[in-house]
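J.: Sending over a structure as structure tokens; questions will come in a sec.
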Amino acid sequence: MTDTNAAFTPRVFSGIQPSGGLHLGNYLGAIKRFVDMQGEDFQTVYCMVDLHAITVWQNPTDLRKNTRELCAGFIAAGIDPEQSILINQSQVPEHAQLAWIFNCVARMGWMQRMTQWKDKAGKNTQNASLGLLAYPALMAADILIYHATHVPVGEDQKQHLELTRDIAIKFNHDYGVEFFPLTEPVIEGAATRVMSLRDGSKKMSKSDASDMSRINLTDDADAIAQKIRKARTDPEPLPETLDGLAERPEARNLVNIYAALAETTADAVIAEYGGQQFGTFKPALADLAVERLAPISTEMARLMGEQDEIDRILTRGAERAREITAPILKKTYDIVGMVPPAI
Ligand code: AMP
Ligand code: TRP
């Protein structure tokens with residue numbers, strides 16, 4: 001932690017969009033890391049960012065279902081709703097309120113440089129929602145409304161976290177305060193960027209047209225094993241050292257996935273499987289993936305049958321969250337110069 005953050009309670013915040021279809025990339029790059037960060041060192045807050053999801057069109061019925069399914073996924077993967085605060089973003093209004101302030105701190109040029117904006121808006125930027133452009137200011141608000149010091153995410157979110165720091169720096173500077181911390185990204189583990197099983201140059205994504213390109217957290221054991229058996233590879237055996245994977249993205253991806261699931265390093269996997277054919281490695285990876293992932297999909301399915309329980313967990317999470325966010329918003333308004341209600 002930087003000195004700037006020494007004054008802040010160590011607190012973790014992260015979020016995932018409830019836009020349907022959790023996959024192995026979300027699990028290894030994000031959710032598994034969320035689980036690992038629970039414990040003595042940090043207070044942990046995890047969020048289903050429904051307000052982010054609607055920056056592109058969401059069918060309302062699907063959005064509700066996907067939010068509950070994401071909550072089930074978090075819990076099934078090991079997030080304890082007692083230990084962590086588990087919320088959906090729209091139930092904690094201070095996120096959106098702080099986002100407005102940050103819309104007035106962030107600059108247009110910063111937003112237009114974001115790669116996620118460029119990718120998602122595509123060529124027809126005039127037809128993208130204003131929310132899609134403003135998205136990173138809401139993300140900064142999600143984090144800073146908790147004064148969060150650490151944010152675990154996959155590699156693709158790094159740029160947004162740099163922007164979060166830029167917003168905190170500009171706010172602190174413009175108002176002459178040291179109010180918002182400079183959040184540290186936590187991009188760690190053997191699989192911070194899980195690639196497609198069909199193409200080692202593309203990241204595993206819910207928007208890929210081929211279902212064979214990804215392992216969904218709702219896949220059963222047979223589907224998981226089949227997707228790994230059919231994953232694209234090259235004809236060479238695994239190399240004896242990690243350097244030998246430099247030009248072999250598909251092989252590298254499977255080694256990274258194995259390492260992350262086994263909670264070891266890519267080096268250790270190569271030490272064990274170097275020189276072996278994919279005919280040996282793939283079945284071992286399939287067994288490991290089924291062992292780790294099948295219990296999650298079973299538990300997710302069970303929890304999806306307990307909707308009332310999920311809704312209660314989210315309601316309680318929002319109450320706990322607002323104990324943190326309401327005072328921080330109040331102080332922000334005060335710094336900015338808003339007249340408070342008379343008591
Ligand atoms: P998203 O589904 O895009 O909202 O992503 C949710 C979280 O999963 C973020 O922390 C992402 O960085 C992470 N993530 C998404 N896709 C991948 C991937 N292919 N590899 C690693 N992390 C990922
Ligand atoms: N932008 C993130 C994604 O697309 C989701 C997100 C929203 C997030 N707010 C956040 C992640 C705050 C970390 C912290 O995956």
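Residue names in the structure tokens use chain letters A, B, ... in the order shown, residue numbers from 1 in each chain, and ligand numbers from 1 in the order shown.
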Could you give me the residues within 9 Å of ligand 2, counting only C-alpha atoms and all ligand atoms, as a ChimeraX atom specification?
T.: /A:13-17,26,30,46-53,89,116,135-136,138-143,151-154,156-157,160-161,185
J.: Set the distance at 12 Å and use only C-alpha atoms: which residues neighbour Thr265 in chain A once local chain neighbours fewer than 2 positions away are removed? I'd like the list as a PyMOL selection string.
T.: chain A and resi 188-191+242+255-263+267-272
J.: Using DSSP assignments from the backbone, pull out every residue in range 42-72 of chain A that falls under strand (DSSP E or B) and give it to me as a list in words.
T.: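 Result set for range 42-72 of chain A (strand (DSSP E or B)): Gln43, Thr44, Val45, Tyr46, Cys47 and Met48 of chain A.
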J.: Within 12 Å of range 323-334 of chain A, which residues of range 87-116 of chain A show up? Give each one with its shortest atom-to-atom distance in Å (one decimal) and the two atoms involved, counting only C-alpha atoms, rows by chain then rising residue number, as JSON lines.
T.:
{"residue": "A:Gln89", "atom": "CA", "partner": "A:Thr325", "partner_atom": "CA", "distance": 11.8}
{"residue": "A:Gln91", "atom": "CA", "partner": "A:Thr325", "partner_atom": "CA", "distance": 11.7}
{"residue": "A:Val92", "atom": "CA", "partner": "A:Thr325", "partner_atom": "CA", "distance": 8.0}
{"residue": "A:Pro93", "atom": "CA", "partner": "A:Thr325", "partner_atom": "CA", "distance": 8.9}
{"residue": "A:Glu94", "atom": "CA", "partner": "A:Thr325", "partner_atom": "CA", "distance": 6.2}
{"residue": "A:His95", "atom": "CA", "partner": "A:Thr325", "partner_atom": "CA", "distance": 8.0}
{"residue": "A:Ala96", "atom": "CA", "partner": "A:Leu329", "partner_atom": "CA", "distance": 10.5}
{"residue": "A:Gln97", "atom": "CA", "partner": "A:Leu329", "partner_atom": "CA", "distance": 7.8}
{"residue": "A:Leu98", "atom": "CA", "partner": "A:Leu329", "partner_atom": "CA", "distance": 6.7}
{"residue": "A:Ala99", "atom": "CA", "partner": "A:Leu329", "partner_atom": "CA", "distance": 10.5}
{"residue": "A:Trp100", "atom": "CA", "partner": "A:Tyr333", "partner_atom": "CA", "distance": 11.2}
{"residue": "A:Ile101", "atom": "CA", "partner": "A:Tyr333", "partner_atom": "CA", "distance": 8.7}
{"residue": "A:Phe102", "atom": "CA", "partner": "A:Thr332", "partner_atom": "CA", "distance": 10.7}
J.: Please extract the residues of range 80-295 of chain A with a backbone DSSP assignment of helix (DSSP H, G or I) and present them as an MDAnalysis selection string.
T.: chainID A and resid 89:91 94:103 108:112 115:121 125:127 130:144 155:175 211:213 221:229 242:245 249:262 266:273 278:295
J.: Hey, can you spit out that residue selection with C-alpha atoms as a short mmCIF file (atom, residue, chain, number, x, y, z; two decimals), in the first residue's frame?
T.:
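Okay, result.cif is ready:
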data_model
loop_
_atom_site.label_atom_id
_atom_site.label_comp_id
_atom_site.auth_asym_id
_atom_site.auth_seq_id
_atom_site.Cartn_x
_atom_site.Cartn_y
_atom_site.Cartn_z
CA GLN A 89 -25.36 -1.75 -7.05
CA SER A 90 -28.82 -0.24 -7.54
CA GLN A 91 -29.78 -0.93 -3.90
CA GLU A 94 -24.66 6.42 -3.10
CA HIS A 95 -22.82 4.72 -6.00
CA ALA A 96 -24.88 6.63 -8.58
CA GLN A 97 -24.82 9.82 -6.51
CA LEU A 98 -21.04 9.90 -6.28
CA ALA A 99 -20.84 8.96 -9.98
CA TRP A 100 -22.55 12.26 -10.85
CA ILE A 101 -19.89 14.21 -8.96
CA PHE A 102 -17.21 12.22 -10.78
CA ASN A 103 -18.88 12.94 -14.14
CA MET A 108 -14.23 13.83 -21.95
CA GLY A 109 -10.80 13.04 -23.37
CA TRP A 110 -10.11 10.54 -20.57
CA MET A 111 -13.31 8.68 -21.33
CA GLN A 112 -12.79 8.62 -25.08
CA THR A 115 -10.28 0.75 -24.85
CA GLN A 116 -13.47 -0.81 -23.45
CA TRP A 117 -15.43 2.23 -24.73
CA LYS A 118 -13.79 1.93 -28.14
CA ASP A 119 -14.46 -1.83 -28.31
CA LYS A 120 -18.06 -1.66 -27.12
CA ALA A 121 -19.13 1.50 -28.93
CA THR A 125 -20.16 6.09 -31.44
CA GLN A 126 -23.03 8.53 -32.05
CA ASN A 127 -25.46 5.74 -31.39
CA LEU A 130 -24.10 8.28 -22.91
CA GLY A 131 -23.88 5.84 -19.99
CA LEU A 132 -21.41 3.67 -21.92
CA LEU A 133 -19.04 6.64 -22.24
CA ALA A 134 -19.52 7.66 -18.58
CA TYR A 135 -19.14 4.02 -17.37
CA PRO A 136 -15.62 4.45 -15.89
CA ALA A 137 -16.79 7.37 -13.69
CA LEU A 138 -19.46 5.10 -12.20
CA MET A 139 -16.83 2.41 -11.71
CA ALA A 140 -14.59 4.91 -9.90
CA ALA A 141 -17.57 5.85 -7.73
CA ASP A 142 -18.25 2.15 -6.91
CA ILE A 143 -14.74 1.87 -5.55
CA LEU A 144 -14.26 5.26 -3.94
CA GLU A 155 -6.07 -7.76 -16.68
CA ASP A 156 -8.69 -6.12 -18.95
CA GLN A 157 -9.79 -3.74 -16.16
CA LYS A 158 -6.36 -2.21 -15.53
CA GLN A 159 -7.01 0.92 -17.58
CA HIS A 160 -10.25 1.63 -15.70
CA LEU A 161 -8.39 1.40 -12.40
CA GLU A 162 -5.79 3.86 -13.60
CA LEU A 163 -8.63 6.23 -14.46
CA THR A 164 -10.07 5.69 -10.96
CA ARG A 165 -6.77 6.93 -9.54
CA ASP A 166 -6.79 9.90 -11.94
CA ILE A 167 -10.27 10.87 -10.74
CA ALA A 168 -9.23 10.57 -7.07
CA ILE A 169 -6.11 12.66 -7.71
CA LYS A 170 -8.03 15.39 -9.57
CA PHE A 171 -10.80 15.52 -6.96
CA ASN A 172 -8.29 15.73 -4.10
CA HIS A 173 -6.30 18.38 -5.96
CA ASP A 174 -9.24 20.52 -7.12
CA TYR A 175 -10.78 20.65 -3.64
CA ASP A 211 -19.97 -21.89 -26.79
CA MET A 212 -16.97 -24.23 -27.25
CA SER A 213 -14.68 -21.21 -26.76
CA ALA A 221 -19.08 -32.23 -15.82
CA ASP A 222 -19.54 -33.74 -19.30
CA ALA A 223 -19.61 -30.35 -21.02
CA ILE A 224 -16.50 -29.18 -19.14
CA ALA A 225 -14.54 -32.32 -20.06
CA GLN A 226 -15.64 -32.21 -23.68
CA LYS A 227 -14.68 -28.56 -24.14
CA ILE A 228 -11.20 -29.21 -22.76
CA ARG A 229 -10.71 -32.32 -24.93
CA LEU A 242 8.16 -22.04 -19.69
CA ASP A 243 10.11 -20.15 -22.41
CA GLY A 244 9.06 -22.86 -24.84
CA LEU A 245 5.43 -21.62 -24.54
CA PRO A 249 -0.68 -19.17 -27.01
CA GLU A 250 -3.16 -22.07 -26.87
CA ALA A 251 -0.75 -24.33 -24.98
CA ARG A 252 0.20 -21.47 -22.68
CA ASN A 253 -3.47 -20.81 -21.94
CA LEU A 254 -4.15 -24.42 -20.90
CA VAL A 255 -1.06 -24.45 -18.69
CA ASN A 256 -2.18 -21.20 -17.04
CA ILE A 257 -5.67 -22.57 -16.47
CA TYR A 258 -4.24 -25.72 -14.91
CA ALA A 259 -1.95 -23.68 -12.66
CA ALA A 260 -4.75 -21.38 -11.50
CA LEU A 261 -7.15 -24.26 -10.79
CA ALA A 262 -4.44 -26.23 -8.95
CA ALA A 266 2.82 -22.28 -14.58
CA ASP A 267 6.46 -23.23 -13.83
CA ALA A 268 5.33 -26.00 -11.49
CA VAL A 269 2.90 -27.33 -14.11
CA ILE A 270 5.66 -27.44 -16.73
CA ALA A 271 7.96 -29.16 -14.24
CA GLU A 272 5.33 -31.89 -13.90
CA TYR A 273 4.06 -32.18 -17.51
CA PHE A 278 -1.72 -33.17 -24.98
CA GLY A 279 -3.22 -36.66 -25.03
CA THR A 280 -1.99 -36.94 -21.43
CA PHE A 281 -2.26 -33.31 -20.31
CA LYS A 282 -5.80 -32.59 -21.51
CA PRO A 283 -7.47 -35.44 -19.57
CA ALA A 284 -5.56 -34.39 -16.44
CA LEU A 285 -6.76 -30.80 -16.93
CA ALA A 286 -10.32 -31.97 -17.60
CA ASP A 287 -10.33 -34.01 -14.35
CA LEU A 288 -9.02 -31.05 -12.38
CA ALA A 289 -11.50 -28.62 -13.96
CA VAL A 290 -14.43 -30.94 -13.25
CA GLU A 291 -13.26 -31.48 -9.68
CA ARG A 292 -13.06 -27.70 -9.06
CA LEU A 293 -15.96 -26.40 -11.15
CA ALA A 294 -18.71 -29.02 -11.04
CA PRO A 295 -19.46 -28.44 -7.31
#
J.: CA of Ala231 in chain A and CA of Met195 in chain A are how many Å apart?
T.: 10.9 Å
J.: Using only C-alpha atoms, what does the table of range 71-108 of chain A residues within 9 Å of range 302-317 of chain A look like, with each row giving the shortest atom pair and its distance in Å to one decimal, sorted by chain and ascending number, as a Markdown table?
T.:
| residue | atom | partner | partner_atom | distance |
| --- | --- | --- | --- | --- |
| A:Cys71 | CA | A:Ile310 | CA | 7.1 |
| A:Ala72 | CA | A:Leu303 | CA | 5.7 |
| A:Gly73 | CA | A:Leu303 | CA | 8.6 |
| A:Ile75 | CA | A:Leu303 | CA | 8.6 |
| A:Ala76 | CA | A:Leu303 | CA | 7.9 |
| A:Pro81 | CA | A:Ile313 | CA | 7.0 |
| A:Glu82 | CA | A:Gly317 | CA | 8.8 |
| A:Ser84 | CA | A:Gly317 | CA | 8.5 |
| A:Ile85 | CA | A:Gly317 | CA | 5.2 |
| A:Leu86 | CA | A:Gly317 | CA | 5.0 |
| A:Ile87 | CA | A:Leu314 | CA | 5.1 |
| A:Asn88 | CA | A:Leu314 | CA | 6.6 |
| A:Gln91 | CA | A:Thr315 | CA | 7.7 |
J.: Check the smallest atom-to-atom distance from each of A:Trp57, A:Phe34, A:Tyr146, A:Phe42 to ligand 1 using only C-alpha atoms and all ligand atoms, then report the winner.
T.: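 Counting only C-alpha atoms and all ligand atoms, the residue closest to ligand 1 is A:Phe34.
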J.: Choose the residue, out of A:Asp199, A:Glu236, A:Glu299, A:Glu319, that has the smallest atom-to-atom separation from ligand 1; count only C-alpha atoms and all ligand atoms.
T.: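 So, comparing all the options, the nearest one is A:Asp199.
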J.: Quick one: of A:Arg68, A:Gly39, A:Pro341, A:Arg248, who's nearest to Ala301 in chain A, counting only C-alpha atoms?
T.: A:Arg68
J.: Which of these residues is nearest to ligand 1, using only C-alpha atoms and all ligand atoms: A:Thr44, A:Gln277, A:Ser201, A:Ser129?
T.: A:Ser201
